[in-house]
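Structure first, commentary second.
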Amino acid sequence: MDKKAGDLIVFDVRKLTTIADYFIICSAESQRQVRAIRDHIEFTLSKQGCHLFSAEGEESSRWILMDFSDVIVHIFKDDVRPFYALERLWGDAPRLDVRLDPEGALPPVLPKPAKRLNVSSPKRQRARSAVGRRRTNKG
């Protein structure tokens with residue numbers, strides 16, 4: 001099965017938001033391909049010691065969001081991506097020039113070393129703690 005993601009865009013959102021440093025957006029032709037890309041990303045990054053904190057949208061596989069703390073990955077089915085138009089929403093963010101290699105390996109997205117993916121920034125840790133406290137206090 002071809003796991004290659006289409007129309008890959010990487011935004012550097014560090015100056016625009018505290019929720020992440022980078023947003024990666026890509027597309028797939030089918031729901032099966034969306035899941036295959038998701039599995040490939042998780043497998044590849046886990047081999048590098050990067051932890052997936054959460055994933056959303058896996059039930060429908062039309063839009064999967066993967067949270068690696070400082071990096072958020074959005075995998076869209078081709079027909080769903082234009083509806084959400086995240087490129088327009090984050091259009092003020094600089095785009096990084098990345099290219100997928102012919103073997104489908106993930107591009108080196110972040111500045112060296114890529115270990116940054118598995119370390120949550122102090123701001124992000126405080127934000128996660130606050131969300132957890134709000135959920136607990138709702139009862």
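Scheme for the structure tokens: letters A, B, ... for chains in order shown; per-chain residue numbers from 1; ligand numbers from 1 in order shown.
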query = Could you name the residues that touch region 86-97 of chain A at 7 Å or less, counting only C-alpha atoms, but leaving out those on the same chain fewer than 4 positions away, as JSON, numbers by chain?
reply = {"A": [9, 10, 11, 12, 13]}
Please save all heavy atoms of the selected residues as a CSV table (one decimal), in the first residue's frame.
```csv
chain,number,residue,atom,x,y,z
A,9,ILE,N,2.4,20.3,3.9
A,9,ILE,CA,2.7,21.7,4.3
A,9,ILE,C,3.1,21.7,5.7
A,9,ILE,O,2.5,21.0,6.6
A,9,ILE,CB,1.5,22.7,4.1
A,9,ILE,CG1,1.1,22.8,2.7
A,9,ILE,CG2,1.9,24.1,4.7
A,9,ILE,CD1,-0.2,23.6,2.5
A,10,VAL,N,4.2,22.4,6.1
A,10,VAL,CA,4.7,22.5,7.4
A,10,VAL,C,4.7,24.0,7.8
A,10,VAL,O,5.4,24.8,7.1
A,10,VAL,CB,6.1,21.9,7.6
A,10,VAL,CG1,6.5,22.0,9.1
A,10,VAL,CG2,6.0,20.4,7.2
A,11,PHE,N,3.9,24.3,8.8
A,11,PHE,CA,3.9,25.7,9.3
A,11,PHE,C,4.7,25.8,10.6
A,11,PHE,O,4.6,25.0,11.5
A,11,PHE,CB,2.4,26.1,9.6
A,11,PHE,CG,1.6,26.4,8.4
A,11,PHE,CD1,0.6,25.5,8.1
A,11,PHE,CD2,1.8,27.5,7.6
A,11,PHE,CE1,-0.2,25.7,7.0
A,11,PHE,CE2,1.0,27.7,6.5
A,11,PHE,CZ,0.0,26.8,6.2
A,12,ASP,N,5.5,26.9,10.7
A,12,ASP,CA,6.2,27.2,11.9
A,12,ASP,C,5.2,28.2,12.6
A,12,ASP,O,5.2,29.4,12.3
A,12,ASP,CB,7.5,27.9,11.6
A,12,ASP,CG,8.3,28.3,12.8
A,12,ASP,OD1,7.7,28.4,13.9
A,12,ASP,OD2,9.5,28.5,12.7
A,13,VAL,N,4.5,27.7,13.7
A,13,VAL,CA,3.5,28.6,14.4
A,13,VAL,C,4.0,29.1,15.7
A,13,VAL,O,3.2,29.6,16.5
A,13,VAL,CB,2.2,27.8,14.5
A,13,VAL,CG1,1.6,27.5,13.2
A,13,VAL,CG2,2.4,26.5,15.3
```
message = Show me, as a ChimeraX atom specification, the residues that have an atom within 12 Å of Gln31 (chain A) when counting only C-alpha atoms, minus same-chain residues fewer than 4 positions from it.
response = /A:3,27,35-38,57-64,75-80
request  = Using CA of Arg14 (chain A) and CA of Phe83 (chain A) as the two end points, give the distance in Å to one decimal.
outcome  = 24.7 Å
remark   = note - CA of Asp21 (chain A) and CA of Tyr84 (chain A) are separated by 20.2 Å
Could I get the residues of region 32-91 of chain A with an atom no further than 6 Å from an atom of region 22-26 of chain A, each paired with its nearest atom pair and that distance in Å to one decimal, using only C-alpha atoms, sorted by chain and residue number, as a Markdown table?
```
| residue | atom | partner | partner_atom | distance |
| --- | --- | --- | --- | --- |
| A:Val71 | CA | A:Tyr22 | CA | 4.8 |
| A:Ile72 | CA | A:Phe23 | CA | 4.9 |
| A:Val73 | CA | A:Ile24 | CA | 4.7 |
| A:His74 | CA | A:Ile25 | CA | 4.8 |
| A:Ile75 | CA | A:Cys26 | CA | 5.1 |
```
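Reported to one decimal place, the separation of CA of Glu42 (chain A) from CA of Ser54 (chain A) is 10.9 Å.
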